[in-house]
Amino acid sequence: MSLIRPFAALRPVPEHVADVIAPPYDVLNTEEARARADSRPHSFLHISRPEIDLPEGTDPFAPEVYAQGTENLQRLIKENILFREDSPCYYIYRLVMGEHVQTGLVAVASVADYDSNRIRKHEFTRPEKEDDRVRQIDALNAQTGPVFLTYRHNDKVDEVVTKVTAGTPEYDLQADDGVQHTLWVVNDADDIQTLTDTFDAMDCLYIADGHHRSAAGSRVAAMRREAGQASTASDYFLSVIFPDNQMKILDYNRVVKDLNGMSEADFLAAVEKNFSVEKTAEAVSPASTQEFGMYLGGNWYRLKIKPELVPASDDPVGRLDVSLLQNNLISPLLGIDNPRVDKRIDFVGGIRGLGELEKRVNSGEMAVAFSLHPTVLDDLMAVADANEVMPPKSTWFEPKLADGLVSHVLDEKGC
């Protein structure tokens, strides 16, 4: 079995693509999804967040929600808003956000290689989120949210991408958040074979974002094998694969509700045991690793961890900035030992800016905020290569992939 394969995508007809595409299901809550889909009957949110079409207060994990999503998907197919490709293809997908451009390959990736860790992970999954994606895929008989993968850039892949993107795209549109989404179809047999063979020769791929979707794809494949319903399509999961030299990781910052019983003065004195502390006149966006910003009592401080507290290079998890802050400040001083479940800590994606940190503290909702330097992709890969797990909320990837641009139906036409 190949590491990746082409597939016959389910996708919007070009004249309706702007009506269909939507943000990823997990970046909006139910109320936000309901507002965005209002007066937009073709929005993919009716499939990815189908509770918006049921009475307010409906449990988003209730069986009728998945049934509603299936009904909505079939409606868009019957209304010729979505159509199925005649034969398996790859797709080139370009995202442009401001000055940043990244161009990747839409493909389906091997469950077997995921299970054997050739497609490498760096996060734990939460059972309830994984269960939700399993039920959604099984009900729809399709994977609608792509897994975001990355690989060490490759000249042969670049050559095919350059050739294909010189042609006319199938879609080229700007979403309401200002991100440009452009898609080309790769249907030339030689190009398809080159891409398949080139990826097959790679040692591994890395999950950047989408651990729950990939885990759910593996579980659905196992369920169908056990039930005697396996197909080539169900042994692969929908992916968009970007080269490492084009990836953009933003900071993933922290806010904490209280100072664990300390006054601001006592807290600052405690911080100085492990960090140098410099009060600044401006908000602190750390310029390098091992440096942090702290917003406390209406003031910004620049923190630098003392060098002797940084683990050796053979500890790829311990050396991460998120680990240094957690192990030398958040846990020992603020008493938050498990940030995955502790309600006193929250996480703010860098796309919201440092002003969001100030807002959360100034409102009195939070007592202190920390800004971090973005995690470096090489560090993510080192953690995954070591078969280790990164702390929660270590990476925030931008721009986000659109839902609804391409979907993978789990039948024999799919691969």
# chains A, B, ... in the order shown; residues from 1 in each chain; ligands from 1
call {"tool": "residues_around", "arguments": {"residues": "segment 10-19 of chain A", "least_positions_apart": "2", "cutoff": "6 Å", "atoms": "only C-alpha atoms", "output": "list in words"}}
result
Ile21, His42, Ser43, Ile81, Leu82, Phe83, Arg84, Leu405, Val406 and Ser407 of chain A
call {"tool": "write_last_selection", "arguments": {"atoms": "C-alpha atoms", "output": "PDB file, in the first residue's frame"}}
result
ATOM      1  CA  ILE A  21     -16.427  26.543   2.112  1.00  0.00           C
ATOM      2  CA  HIS A  42     -25.043  25.719   1.203  1.00  0.00           C
ATOM      3  CA  SER A  43     -22.463  26.421   3.922  1.00  0.00           C
ATOM      4  CA  ILE A  81     -23.969  21.928  -5.159  1.00  0.00           C
ATOM      5  CA  LEU A  82     -21.426  19.148  -4.611  1.00  0.00           C
ATOM      6  CA  PHE A  83     -20.255  16.698  -7.258  1.00  0.00           C
ATOM      7  CA  ARG A  84     -17.973  13.673  -7.375  1.00  0.00           C
ATOM      8  CA  LEU A 405     -13.241  22.307  -0.460  1.00  0.00           C
ATOM      9  CA  VAL A 406     -12.601  18.575  -0.907  1.00  0.00           C
ATOM     10  CA  SER A 407     -14.080  15.552   0.880  1.00  0.00           C
TER      11      SER A 407
END
call {"tool": "closest_atom_pairs", "arguments": {"of": "segment 82-141 of chain A", "to": "segment 62-70 of chain A", "cutoff": "7 Å", "atoms": "only C-alpha atoms", "output": "Markdown table"}}
result
| residue | atom | partner | partner_atom | distance |
| --- | --- | --- | --- | --- |
| A:Gln136 | CA | A:Tyr66 | CA | 5.9 |
| A:Ala139 | CA | A:Tyr66 | CA | 6.2 |
| A:Leu140 | CA | A:Thr70 | CA | 5.1 |
call {"tool": "closest_atom_pairs", "arguments": {"of": "segment 275-297 of chain A", "to": "segment 249-264 of chain A", "cutoff": "12 Å", "atoms": "only C-alpha atoms", "output": "CSV"}}
result
residue,atom,partner,partner_atom,distance
A:Val284,CA,A:Asn253,CA,11.7
A:Ser285,CA,A:Asp251,CA,9.1
A:Pro286,CA,A:Asp251,CA,9.4
A:Ala287,CA,A:Asp251,CA,11.3
A:Ser288,CA,A:Asp251,CA,11.4
A:Thr289,CA,A:Asp251,CA,11.1
A:Phe292,CA,A:Asn253,CA,9.8
A:Gly293,CA,A:Asn253,CA,9.5
A:Met294,CA,A:Arg254,CA,9.5
A:Tyr295,CA,A:Val255,CA,9.2
A:Leu296,CA,A:Glu264,CA,7.7
A:Gly297,CA,A:Glu264,CA,7.4
call {"tool": "write_last_selection", "arguments": {"atoms": "N, CA and C atoms", "output": "PDB file, in the first residue's frame"}}
result
ATOM      1  N   VAL A 284       5.424  42.561  25.007  1.00  0.00           N
ATOM      2  CA  VAL A 284       6.579  41.715  24.706  1.00  0.00           C
ATOM      3  C   VAL A 284       6.171  40.561  23.799  1.00  0.00           C
ATOM      4  N   SER A 285       6.691  40.597  22.577  1.00  0.00           N
ATOM      5  CA  SER A 285       6.590  39.470  21.665  1.00  0.00           C
ATOM      6  C   SER A 285       7.984  38.856  21.598  1.00  0.00           C
ATOM      7  N   PRO A 286       8.213  37.721  22.253  1.00  0.00           N
ATOM      8  CA  PRO A 286       9.575  37.190  22.384  1.00  0.00           C
ATOM      9  C   PRO A 286      10.278  37.057  21.038  1.00  0.00           C
ATOM     10  N   ALA A 287      11.504  37.558  20.996  1.00  0.00           N
ATOM     11  CA  ALA A 287      12.268  37.558  19.749  1.00  0.00           C
ATOM     12  C   ALA A 287      12.984  36.240  19.505  1.00  0.00           C
ATOM     13  N   SER A 288      13.096  35.399  20.529  1.00  0.00           N
ATOM     14  CA  SER A 288      13.825  34.145  20.378  1.00  0.00           C
ATOM     15  C   SER A 288      13.311  33.139  21.397  1.00  0.00           C
ATOM     16  N   THR A 289      13.756  31.916  21.243  1.00  0.00           N
ATOM     17  CA  THR A 289      13.387  30.892  22.211  1.00  0.00           C
ATOM     18  C   THR A 289      14.026  31.206  23.569  1.00  0.00           C
ATOM     19  N   PHE A 292      10.319  35.046  27.236  1.00  0.00           N
ATOM     20  CA  PHE A 292       8.873  35.073  27.423  1.00  0.00           C
ATOM     21  C   PHE A 292       8.424  36.489  27.755  1.00  0.00           C
ATOM     22  N   GLY A 293       7.187  36.805  27.418  1.00  0.00           N
ATOM     23  CA  GLY A 293       6.564  38.030  27.881  1.00  0.00           C
ATOM     24  C   GLY A 293       5.604  37.703  29.014  1.00  0.00           C
ATOM     25  N   MET A 294       5.458  38.612  29.961  1.00  0.00           N
ATOM     26  CA  MET A 294       4.493  38.434  31.055  1.00  0.00           C
ATOM     27  C   MET A 294       3.739  39.742  31.262  1.00  0.00           C
ATOM     28  N   TYR A 295       2.413  39.664  31.290  1.00  0.00           N
ATOM     29  CA  TYR A 295       1.585  40.836  31.526  1.00  0.00           C
ATOM     30  C   TYR A 295       0.916  40.668  32.877  1.00  0.00           C
ATOM     31  N   LEU A 296       1.223  41.589  33.793  1.00  0.00           N
ATOM     32  CA  LEU A 296       0.779  41.474  35.189  1.00  0.00           C
ATOM     33  C   LEU A 296       0.522  42.872  35.733  1.00  0.00           C
ATOM     34  N   GLY A 297      -0.648  43.082  36.308  1.00  0.00           N
ATOM     35  CA  GLY A 297      -0.937  44.355  36.956  1.00  0.00           C
ATOM     36  C   GLY A 297      -0.811  45.557  36.042  1.00  0.00           C
TER      37      GLY A 297
END
call {"tool": "residues_around", "arguments": {"residues": "segment 177-179 of chain A", "least_positions_apart": "3", "cutoff": "10 Å", "atoms": "only C-alpha atoms", "output": "PyMOL selection string"}}
result
chain A and resi 23+95-98+100+173-174+182+398-402
call {"tool": "write_last_selection", "arguments": {"atoms": "C-alpha atoms", "output": "PDB file, in the first residue's frame"}}
result
ATOM      1  CA  PRO A  23     -13.788  27.427   8.679  1.00  0.00           C
ATOM      2  CA  LEU A  95      -3.173  29.340   0.913  1.00  0.00           C
ATOM      3  CA  VAL A  96      -2.196  33.015   0.964  1.00  0.00           C
ATOM      4  CA  MET A  97      -2.471  35.021   4.181  1.00  0.00           C
ATOM      5  CA  GLY A  98      -0.963  38.479   3.860  1.00  0.00           C
ATOM      6  CA  HIS A 100       2.684  34.320   3.600  1.00  0.00           C
ATOM      7  CA  LEU A 173     -11.356  32.755  -3.961  1.00  0.00           C
ATOM      8  CA  GLN A 174     -10.873  34.822  -0.855  1.00  0.00           C
ATOM      9  CA  THR A 182      -6.669  28.313  -4.666  1.00  0.00           C
ATOM     10  CA  GLU A 398      -2.023  29.538  10.306  1.00  0.00           C
ATOM     11  CA  PRO A 399      -3.604  29.871   7.856  1.00  0.00           C
ATOM     12  CA  LYS A 400      -6.336  27.299   8.506  1.00  0.00           C
ATOM     13  CA  LEU A 401      -7.549  24.839   5.890  1.00  0.00           C
ATOM     14  CA  ALA A 402     -11.097  25.321   4.637  1.00  0.00           C
TER      15      ALA A 402
END
call {"tool": "closest_residue", "arguments": {"among": "A:Asp378, A:Glu282, A:Asp314, A:Glu51", "to": "Tyr25 of chain A", "atoms": "only C-alpha atoms"}}
result
A:Glu51
call {"tool": "closest_residue", "arguments": {"among": "A:Tyr171, A:Phe124, A:Tyr151, A:Phe267", "to": "Val185 of chain A", "atoms": "only C-alpha atoms"}}
result
A:Tyr171
